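structure24.txt (compact mmCIF, C-alpha atoms) appears below.
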# COMPACT_ATOMS: atom_id res chain seq x y z
CA MET K 285 31.21 30.25 -57.82
CA ARG K 286 33.65 32.48 -55.90
CA ALA K 287 31.95 35.63 -57.20
CA LEU K 288 28.51 34.31 -56.23
CA LEU K 289 29.74 33.56 -52.72
CA ILE K 290 31.11 37.10 -52.48
CA LEU K 291 27.73 38.49 -53.52
CA ILE K 292 25.91 36.38 -50.93
CA ALA K 293 28.37 37.50 -48.24
CA TRP K 294 27.61 41.13 -49.00
CA LEU K 295 23.93 40.46 -48.45
CA LEU K 296 24.51 38.94 -45.03
CA PRO K 297 24.64 40.99 -41.80
CA ALA K 298 27.77 43.10 -41.31
CA ALA K 299 29.37 40.68 -38.84
CA ALA K 300 29.52 38.05 -41.57
CA HIS K 301 32.00 40.08 -43.65
CA ALA K 302 33.67 42.34 -41.06
CA ASP K 303 37.11 41.16 -42.22
CA ASP K 304 36.50 43.02 -45.50
CA LEU K 305 37.16 46.24 -43.60
CA TYR K 306 40.84 45.43 -43.13
CA THR K 307 41.60 43.16 -46.09
CA PHE K 308 43.32 44.86 -49.03
CA LYS K 309 41.74 44.00 -52.39
CA ALA K 310 44.44 44.34 -55.00
CA ASP K 311 42.08 43.41 -57.83
CA GLN K 312 39.51 46.13 -57.04
CA ALA K 313 39.65 49.85 -57.85
CA PRO K 314 37.16 52.37 -56.35
CA ARG K 315 35.33 54.68 -58.76
CA TRP K 316 32.68 57.40 -58.31
CA ALA K 317 30.51 58.55 -61.19
CA SER K 318 29.16 62.03 -60.41
CA PRO K 319 28.65 65.33 -62.26
CA GLU K 320 32.21 66.24 -61.20
CA ASN K 321 33.59 63.11 -62.90
CA ALA K 322 30.85 61.76 -65.17
CA LYS K 323 33.02 59.02 -66.70
CA ALA K 324 34.53 58.02 -63.34
CA GLN K 325 38.04 58.20 -64.76
CA PRO K 326 41.20 58.12 -62.60
CA GLY K 327 42.55 61.59 -61.85
CA ALA K 328 39.70 63.31 -63.73
CA GLY K 329 37.45 64.65 -60.96
CA GLY K 330 36.62 68.29 -60.22
CA GLN K 331 38.01 69.86 -63.37
CA LYS K 332 35.52 72.75 -63.64
CA ASN K 333 36.01 76.14 -61.95
CA ARG K 334 39.60 75.29 -60.97
CA GLY K 335 38.34 72.39 -58.87
CA ALA K 336 36.07 74.57 -56.70
CA LYS K 337 32.70 72.82 -57.00
CA GLY K 338 32.11 73.84 -60.57
CA HIS K 339 29.78 71.02 -61.64
CA ALA K 340 28.04 69.44 -58.64
CA PHE K 341 24.62 68.90 -60.26
CA GLU K 342 22.81 68.43 -63.56
CA THR K 343 19.53 69.75 -64.96
CA ILE K 344 17.17 67.28 -66.65
CA ALA K 345 14.85 68.91 -69.16
CA GLN K 346 11.30 67.70 -69.57
CA GLY K 347 11.32 64.51 -71.64
CA GLN K 348 15.12 64.16 -71.48
CA SER K 349 17.37 61.50 -69.95
CA LEU K 350 20.50 61.79 -67.83
CA VAL K 351 23.12 59.04 -67.90
CA LEU K 352 24.40 58.67 -64.35
CA ALA K 353 27.00 56.06 -65.20
CA ASP K 354 28.23 54.35 -68.36
CA ILE K 355 30.79 51.78 -67.27
CA THR K 356 32.89 49.43 -69.37
CA GLY K 357 34.33 46.24 -67.93
CA PRO K 358 33.44 44.13 -64.88
CA GLY K 359 32.52 45.72 -61.58
CA ILE K 360 30.15 45.95 -58.63
CA ILE K 361 27.98 48.97 -57.82
CA ASP K 362 28.00 49.30 -54.03
CA ARG K 363 26.09 52.52 -53.42
CA MET K 364 23.95 55.08 -55.19
CA TRP K 365 23.16 58.46 -53.64
CA LEU K 366 20.84 60.99 -55.27
CA THR K 367 18.84 64.06 -54.33
CA LEU K 368 16.63 66.71 -55.94
CA GLN K 369 14.60 69.69 -54.74
CA ASP K 370 11.10 68.69 -55.84
CA ARG K 371 10.31 65.44 -54.02
CA SER K 372 6.55 65.56 -54.54
CA PRO K 373 4.63 62.32 -55.19
CA GLU K 374 4.06 63.33 -58.81
CA ARG K 375 7.75 64.05 -59.42
CA LEU K 376 8.96 60.83 -57.81
CA ARG K 377 6.55 58.75 -59.91
CA SER K 378 7.36 60.74 -63.09
CA LEU K 379 11.11 60.14 -62.94
CA ARG K 380 12.09 56.75 -64.35
CA LEU K 381 15.16 54.80 -63.27
CA ASP K 382 16.59 52.34 -65.83
CA ILE K 383 19.67 50.15 -65.36
CA TYR K 384 21.20 48.04 -68.13
CA TRP K 385 23.79 45.30 -67.71
CA ASP K 386 26.40 44.12 -70.22
CA GLY K 387 24.98 46.04 -73.18
CA ALA K 388 21.51 44.47 -72.96
CA LYS K 389 18.76 45.98 -75.13
CA THR K 390 16.18 46.05 -72.34
CA PRO K 391 16.79 47.26 -68.77
CA ALA K 392 17.07 44.91 -65.81
CA VAL K 393 15.73 47.74 -63.65
CA SER K 394 12.90 49.96 -64.90
CA VAL K 395 10.92 51.54 -62.07
CA PRO K 396 9.56 54.86 -60.81
CA PHE K 397 12.37 56.69 -59.05
CA GLY K 398 10.73 57.10 -55.64
CA ASP K 399 9.33 53.59 -55.43
CA PHE K 400 12.76 52.06 -56.01
CA PHE K 401 14.12 53.81 -52.90
CA LEU K 402 11.15 52.89 -50.59
CA GLN K 403 9.57 56.34 -51.03
CA ASN K 404 6.35 55.15 -52.61
CA ALA K 405 3.40 56.34 -50.54
CA GLY K 406 3.15 59.98 -51.54
CA GLN K 407 5.50 61.44 -48.94
CA MET K 408 9.20 61.41 -48.11
CA VAL K 409 10.07 59.36 -45.04
CA THR K 410 13.25 59.32 -42.97
CA LEU K 411 14.56 55.75 -42.99
CA ASP K 412 17.64 53.59 -42.54
CA THR K 413 17.40 49.94 -43.59
CA ALA K 414 19.70 47.18 -44.76
CA LEU K 415 19.29 48.18 -48.41
CA PHE K 416 17.98 51.76 -48.54
CA SER K 417 18.47 54.94 -46.56
CA SER K 418 17.23 58.54 -46.40
CA PRO K 419 18.77 60.11 -43.28
CA GLU K 420 16.51 63.18 -43.21
CA GLY K 421 13.92 62.36 -45.85
CA ARG K 422 15.69 64.50 -48.45
CA SER K 423 17.91 61.99 -50.25
CA PHE K 424 17.79 58.58 -51.89
CA ILE K 425 20.44 55.96 -51.09
CA SER K 426 20.77 52.34 -52.24
CA TYR K 427 23.29 49.90 -50.76
CA ILE K 428 22.25 46.97 -52.95
CA PRO K 429 25.33 45.30 -54.48
CA MET K 430 24.92 45.16 -58.26
CA PRO K 431 27.60 43.15 -60.08
CA PHE K 432 28.16 43.17 -63.84
CA ARG K 433 30.55 41.37 -66.19
CA LYS K 434 30.99 43.63 -69.23
CA GLY K 435 29.44 46.97 -68.36
CA ALA K 436 26.67 48.97 -66.71
CA ARG K 437 24.52 51.90 -67.79
CA ILE K 438 22.30 53.83 -65.34
CA VAL K 439 19.79 56.34 -66.70
CA VAL K 440 17.22 58.68 -65.13
CA THR K 441 14.50 59.98 -67.47
CA ASN K 442 12.31 62.97 -66.67
CA GLU K 443 8.79 62.10 -67.82
CA SER K 444 7.16 64.91 -65.84
CA ALA K 445 5.78 68.13 -67.33
CA THR K 446 8.62 70.35 -66.09
CA GLU K 447 12.40 70.25 -65.91
CA VAL K 448 14.37 69.00 -62.91
CA PRO K 449 16.67 71.98 -62.31
CA LEU K 450 18.92 70.52 -59.60
CA PHE K 451 19.77 66.83 -59.70
CA PHE K 452 22.74 65.62 -57.63
CA TYR K 453 24.12 62.07 -57.67
CA ASP K 454 26.97 59.70 -56.88
CA VAL K 455 27.25 56.16 -58.26
CA ASP K 456 29.95 54.40 -56.24
CA TYR K 457 31.38 51.19 -57.65
CA ARG K 458 34.45 49.00 -57.80
CA ALA K 459 36.13 48.06 -61.03
CA VAL K 460 37.27 44.44 -60.63
CA ALA K 461 39.54 42.17 -62.62
CA VAL K 462 37.15 39.25 -63.16
CA LEU K 463 33.49 38.67 -62.27
CA ASP K 464 32.21 35.73 -64.27
CA ASP K 465 29.39 34.03 -62.36
CA ALA K 466 27.61 36.56 -60.14
CA LEU K 467 23.87 37.10 -60.51
CA TYR K 468 22.50 40.30 -62.07
CA PHE K 469 20.31 42.65 -60.04
CA HIS K 470 16.77 43.38 -61.33
CA ALA K 471 13.78 45.46 -60.20
CA TRP K 472 10.23 45.54 -61.58
CA TRP K 473 7.27 47.78 -60.69
CA HIS K 474 3.58 47.23 -61.27
CA ARG K 475 0.38 49.03 -60.32
CA ASP K 476 -3.26 47.95 -60.42
CA ARG K 477 -5.53 50.86 -59.57
CA ALA K 478 -8.48 48.53 -58.91
CA THR K 479 -7.45 44.94 -58.23
CA GLU K 480 -9.77 42.26 -59.56
CA LEU K 481 -12.07 40.70 -56.98
CA GLY K 482 -10.75 37.29 -56.00
CA LYS K 483 -7.53 37.59 -58.03
CA ASP K 484 -4.07 37.90 -56.45
CA PHE K 485 -1.97 40.98 -57.15
CA GLU K 486 1.29 40.05 -58.85
CA ILE K 487 4.26 41.47 -56.99
CA LEU K 488 6.53 39.61 -59.40
CA PRO K 489 5.24 37.77 -62.48
CA LYS K 490 6.92 34.52 -63.37
CA VAL K 491 10.61 34.99 -64.14
CA THR K 492 12.72 32.21 -65.59
CA GLY K 493 16.29 31.41 -64.70
CA ARG K 494 18.46 30.81 -61.66
CA GLY K 495 18.27 33.53 -59.06
CA ARG K 496 17.19 34.98 -55.76
CA PHE K 497 14.07 36.91 -54.76
CA LEU K 498 15.47 39.75 -52.65
CA GLY K 499 12.19 41.28 -51.50
CA ALA K 500 9.48 43.80 -52.26
CA SER K 501 7.87 47.07 -51.22
CA VAL K 502 4.09 47.30 -51.52
CA ASN K 503 1.96 50.45 -51.58
CA VAL K 504 -1.80 50.38 -50.93
CA GLN K 505 -4.38 53.13 -51.38
CA SER K 506 -7.39 51.56 -49.72
CA ASN K 507 -10.78 51.71 -51.42
CA THR K 508 -13.17 54.05 -49.55
CA ALA K 509 -16.10 51.76 -50.42
CA TYR K 510 -14.86 49.52 -47.57
CA GLU K 511 -14.64 52.52 -45.21
CA LYS K 512 -11.85 52.00 -42.66
CA THR K 513 -11.97 48.21 -42.56
CA TRP K 514 -8.65 46.35 -42.60
CA TRP K 515 -7.24 45.66 -46.07
CA GLY K 516 -4.22 43.49 -45.17
CA GLU K 517 -5.48 39.93 -44.59
CA GLY K 518 -4.07 38.74 -47.93
CA GLU K 519 -1.24 36.22 -47.88
CA VAL K 520 2.04 36.60 -49.77
CA LYS K 521 2.70 33.50 -51.88
CA ILE K 522 5.93 32.54 -53.65
CA TRP K 523 5.90 29.93 -56.42
CA LEU K 524 9.28 28.26 -56.95
CA ASP K 525 10.79 25.94 -59.58
CA GLY K 526 7.75 24.45 -61.24
CA ASP K 527 5.05 25.09 -58.62
CA THR K 528 1.69 25.10 -60.41
CA THR K 529 -1.59 25.23 -58.50
CA HIS K 530 -0.07 25.84 -55.07
CA PRO K 531 3.12 27.67 -54.00
CA THR K 532 5.97 26.34 -51.91
CA LEU K 533 6.13 29.45 -49.70
CA ASN K 534 2.86 30.72 -48.23
CA GLY K 535 2.51 33.46 -45.61
CA THR K 536 -0.41 34.27 -43.31
CA GLY K 537 -1.17 37.95 -43.99
CA ALA K 538 0.24 41.22 -45.29
CA GLU K 539 1.27 42.60 -41.91
CA ASP K 540 2.68 39.20 -40.96
CA TYR K 541 4.87 39.23 -44.07
CA ALA K 542 6.28 42.58 -42.95
CA GLY K 543 7.10 41.17 -39.52
CA THR K 544 4.34 42.70 -37.39
CA GLY K 545 0.84 41.44 -36.48
CA TRP K 546 -2.77 42.33 -35.68
CA GLY K 547 -2.79 45.27 -38.07
CA MET K 548 0.01 47.59 -39.09
CA GLY K 549 1.40 50.78 -37.60
CA ALA K 550 4.26 52.87 -38.95
CA TYR K 551 7.74 51.45 -38.24
CA ILE K 552 11.07 51.03 -40.02
CA ASN K 553 13.42 48.13 -39.26
CA ARG K 554 16.51 46.74 -40.93
CA TYR K 555 14.80 43.97 -42.91
CA GLN K 556 11.09 44.85 -42.72
CA GLY K 557 8.89 47.82 -42.05
CA ALA K 558 5.92 50.03 -42.84
CA PRO K 559 7.15 53.57 -43.58
CA VAL K 560 3.56 54.82 -43.93
CA ALA K 561 0.45 53.48 -42.17
CA ASP K 562 -2.20 56.19 -42.35
CA GLU K 563 -5.76 55.05 -41.70
CA THR K 564 -7.07 58.62 -42.07
CA THR K 565 -6.07 58.90 -45.73
CA GLY K 566 -6.00 55.18 -46.50
CA ARG K 567 -2.31 55.19 -47.45
CA TRP K 568 -0.07 52.26 -46.56
CA SER K 569 3.42 51.14 -47.47
CA PHE K 570 5.33 48.09 -46.27
CA TYR K 571 8.49 46.20 -47.26
CA ARG K 572 10.40 42.99 -46.59
CA PHE K 573 14.00 42.11 -47.50
CA HIS K 574 14.82 38.39 -47.69
CA ILE K 575 18.39 38.78 -46.47
CA PRO K 576 18.41 36.66 -43.27
CA ASP K 577 15.98 34.23 -44.95
CA PRO K 578 17.22 33.90 -48.56
CA VAL K 579 14.74 32.85 -51.25
CA PHE K 580 16.69 31.13 -54.02
CA PHE K 581 15.18 29.56 -57.12
CA ALA K 582 16.82 27.20 -59.61
CA GLY K 583 14.39 27.50 -62.54
CA ASN K 584 11.66 30.09 -61.99
CA ALA K 585 9.81 32.17 -59.41
CA ARG K 586 6.56 34.13 -59.04
CA VAL K 587 5.31 36.25 -56.12
CA THR K 588 1.73 37.36 -55.39
CA LEU K 589 -0.36 39.05 -52.70
CA GLN K 590 -3.97 38.01 -52.10
CA GLN K 591 -6.46 40.88 -52.11
CA ILE K 592 -8.28 40.08 -48.87
CA GLY K 593 -9.46 42.35 -46.07
CA GLY K 594 -11.41 41.81 -42.89
CA ALA K 595 -13.92 43.22 -40.42
CA MET K 596 -16.50 41.97 -37.96
CA LYS K 597 -19.38 40.10 -39.58
CA PRO K 598 -22.07 42.80 -39.06
CA ASP K 599 -19.83 45.40 -40.72
CA VAL K 600 -19.19 43.16 -43.72
CA ILE K 601 -22.94 42.52 -44.11
CA ARG K 602 -23.55 46.27 -43.91
CA LEU K 603 -20.91 46.95 -46.58
CA GLN K 604 -22.55 44.35 -48.82
CA LYS K 605 -25.92 46.07 -48.44
CA GLN K 606 -24.28 49.40 -49.31
CA GLY K 607 -23.11 47.93 -52.59
CA ALA K 608 -19.41 47.42 -51.83
CA LYS K 609 -17.92 44.79 -54.13
CA LEU K 610 -16.71 41.94 -51.97
CA ILE K 611 -16.73 38.16 -51.63
CA PRO K 612 -16.85 36.72 -48.06
CA VAL K 613 -14.07 34.17 -47.52
CA THR K 614 -14.04 32.99 -43.89
CA ILE K 615 -15.49 33.67 -40.44
CA ASP K 616 -13.26 33.31 -37.39
CA PRO K 617 -15.26 33.01 -34.14
CA GLY K 618 -12.05 33.15 -32.12
CA GLY K 619 -10.27 29.87 -32.84
CA ARG K 620 -10.19 26.82 -35.10
CA LYS K 621 -13.36 25.47 -33.45
CA GLY K 622 -16.28 26.71 -35.51
CA PHE K 623 -14.04 28.36 -38.10
CA ALA K 624 -16.16 28.75 -41.26
CA GLN K 625 -14.66 28.39 -44.74
CA LEU K 626 -17.28 30.11 -46.85
CA LEU K 627 -15.78 29.40 -50.25
CA ASP K 628 -15.88 25.65 -49.54
CA SER K 629 -19.36 25.64 -47.99
CA GLY K 630 -20.94 28.03 -50.48
CA LYS K 631 -23.10 29.50 -47.70
CA PRO K 632 -24.02 33.18 -47.87
CA LEU K 633 -22.84 35.39 -45.03
CA SER K 634 -26.47 35.84 -43.94
CA ASP K 635 -26.93 32.09 -43.30
CA PRO K 636 -28.16 31.80 -39.66
CA SER K 637 -26.12 28.63 -39.13
CA LEU K 638 -22.87 30.58 -39.48
CA PRO K 639 -21.09 31.94 -36.39
CA ASP K 640 -20.38 35.57 -35.64
CA GLY K 641 -16.79 36.79 -35.68
CA TRP K 642 -14.01 38.29 -37.75
CA THR K 643 -14.92 37.94 -41.43
CA ASN K 644 -12.32 37.97 -44.18
CA PHE K 645 -13.42 38.99 -47.66
CA TYR K 646 -12.01 39.53 -51.13
CA ARG K 647 -11.85 43.23 -51.95
CA SER K 648 -10.48 45.65 -54.57
CA ASP K 649 -7.89 48.34 -53.79
CA ASP K 650 -5.26 50.45 -55.55
CA VAL K 651 -2.06 48.43 -55.14
CA SER K 652 1.45 48.89 -56.49
CA ALA K 653 4.74 47.19 -55.74
CA VAL K 654 8.39 47.10 -56.65
CA ALA K 655 10.12 43.69 -56.55
CA TRP K 656 13.89 43.36 -56.23
CA PHE K 657 15.57 40.16 -57.36
CA TYR K 658 18.73 38.65 -58.82
CA LEU K 659 18.83 36.58 -62.01
CA ASP K 660 21.50 34.72 -63.93
CA ARG K 661 20.92 36.88 -67.03
CA PRO K 662 20.91 40.64 -67.72
CA GLU K 663 17.35 40.73 -69.13
CA ASN K 664 14.19 39.42 -67.46
CA GLY K 665 11.47 39.46 -70.14
CA LEU K 666 8.95 41.25 -67.91
CA PRO K 667 6.48 43.85 -69.23
CA PRO K 668 7.88 47.38 -69.62
CA LEU K 669 7.22 50.13 -67.11
CA ALA K 670 3.72 51.61 -67.30
CA PRO K 671 3.31 55.07 -68.90
CA VAL K 672 3.73 58.07 -66.62
CA ALA K 673 -0.01 58.87 -66.73
CA ASP K 674 -0.80 55.48 -65.18
CA ARG K 675 1.93 55.85 -62.57
CA THR K 676 0.80 59.26 -61.37
CA ALA K 677 -3.00 59.03 -61.65
CA ASP K 678 -4.99 59.58 -58.43
CA LEU K 679 -2.02 59.69 -56.08
CA ARG K 680 -3.33 60.22 -52.57
CA LYS K 681 -1.61 62.89 -50.50
CA PRO K 682 -0.87 62.88 -46.75
CA ALA K 683 -3.35 64.51 -44.42
CA SER K 684 -2.71 68.21 -43.83
CA LYS K 685 -0.95 68.97 -40.55
Starting from the file, lay out its structure as structure tokens.
Amino acid sequence: MRALLILIAWLLPAAAHADDLYTFKADQAPRWASPENAKAQPGAGGQKNRGAKGHAFETIAQGQSLVLADITGPGIIDRMWLTLQDRSPERLRSLRLDIYWDGAKTPAVSVPFGDFFLQNAGQMVTLDTALFSSPEGRSFISYIPMPFRKGARIVVTNESATEVPLFFYDVDYRAVAVLDDALYFHAWWHRDRATELGKDFEILPKVTGRGRFLGASVNVQSNTAYEKTWWGEGEVKIWLDGDTTHPTLNGTGAEDYAGTGWGMGAYINRYQGAPVADETTGRWSFYRFHIPDPVFFAGNARVTLQQIGGAMKPDVIRLQKQGAKLIPVTIDPGGRKGFAQLLDSGKPLSDPSLPDGWTNFYRSDDVSAVAWFYLDRPENGLPPLAPVADRTADLRKPASK
């Protein structure tokens, strides 16, 4: 229990654990795994070129893997810093990040490199958040605490068509004496290039065990069949501990989940944000970290995002006539009075008895997401990462400046 409380404290705002700055931890030893000390051994750093920066980076050949850290014994990863020259959308989706805990056969983390670090919308963004940072949009930093009991193995695999000539990294962790009851960190990524009409997108499929949903980053490439209508009316829903038909936690819209409202502009905050909100190219990215509002689960959890957009009624009727695939859901005339629930009534949008107003409708877009969570076991049983061809297909680029 003590280790779990330590983990929770690290996820709270800085003021909650400020005393850690001046408290000596006799049972903890700092270690850095980097190309200059790949095994993070005491007194073994900087041995090449007489200590004068002889091995600051690695090269990852096409199809090859690089082990960033291979740690034996209990510890906590506090920070990962990485950078490379080619930070194109294709490269960031082609590199795969895998993390294994305690000798497990399958990784707890298996995600595209860029998406893991909030860089998931086809461009590098300068950001500084509670969990991830990129001071000038040229590096990738994680501050997520990742405890392990017996060992940790972190691997980057180059699944692109060319080598990565310059890959720099630091994995900063503490070796500790005992860590017997902390939760394991996990991350899972999924993409649906054309979401099914009327079906929620799964941010996190059902996972079983005791844990904590830490948050998610969602990327949307909006379908041009709906022109520039708003895609983000869908609600985030979180099923907890045996929920069946209906979830315990139910939001009110995509932009609401990310802490804003009435649409979404580009912004980056400590616990929520939208690094990219580009109506011109139809590229959107938003995230939410459940740090001030923890989401624990005792038996299982599942997280989804409804695929619902909205526009004024005449525009939705026009899109229908143009052949856009959609299902009208509601009409909002400007308040609860006269609010029309079309799925319950079964009335077509053209019914003259229906009011005019903002009309929500099921739609189909290209959606992907990475979910971060903790679990009481080193493996999660989720589907493996999609092949590189699926991850990189039809990536939309920023508008030319």
For this session: Using all atoms listed in the file, determine which residues lie at most 8 Å from region 432-445 of chain K, disregarding the query and same-chain residues fewer than 2 positions distant; provide the list as a ChimeraX atom specification.
Result: /K:344-360,374-375,378-387,430,447-448,462-464,466,468,672
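Our summary of the geometry notes that CA of Thr479 (chain K) is positioned 4.8 Å from CA of Ser648 (chain K).
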For this session: Return the single residue from K:Leu638, K:Leu402, K:Val395, K:Val613 that is closest to Gly518 (chain K), with distances computed using all atoms listed in the file.
Result: K:Val613
Exercise. What would the list of residues within 8 Å of (6.7, 30.2, -57.8) (file frame) look like as a ChimeraX atom specification, if all atoms listed in the file are what count?
Worked result: /K:490,521-528,531-532,584-587
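Around Asn553 (chain K), within 9 Å and counting only C-alpha atoms, the residues found are K:Leu411, K:Asp412, K:Thr413, K:Ala414, K:Gln556, K:Gly557, K:Ala558, once anything fewer than 3 positions away on its own chain is removed.
Closest to Asp484 (chain K) among K:Arg647, K:Arg675, K:Arg496, K:Arg661 is K:Arg647, based on only C-alpha atoms.
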Exercise. For the point (-1.7, 65.6, -45.1) in file coordinates, what residues are within 10 Å, counting all atoms listed in the file? Give the answer as a PyMOL selection string?
Worked result: chain K and resi 406-407+562+564-565+680-685
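With CA of Ser394 (chain K) on one side and CA of Asp577 (chain K) on the other, the separation reads 25.6 Å.
When all atoms listed in the file are used to measure the gap to Pro396 (chain K), the shortest distance among K:Gly618, K:Pro373, K:Pro578, K:Gly535 belongs to K:Pro373.
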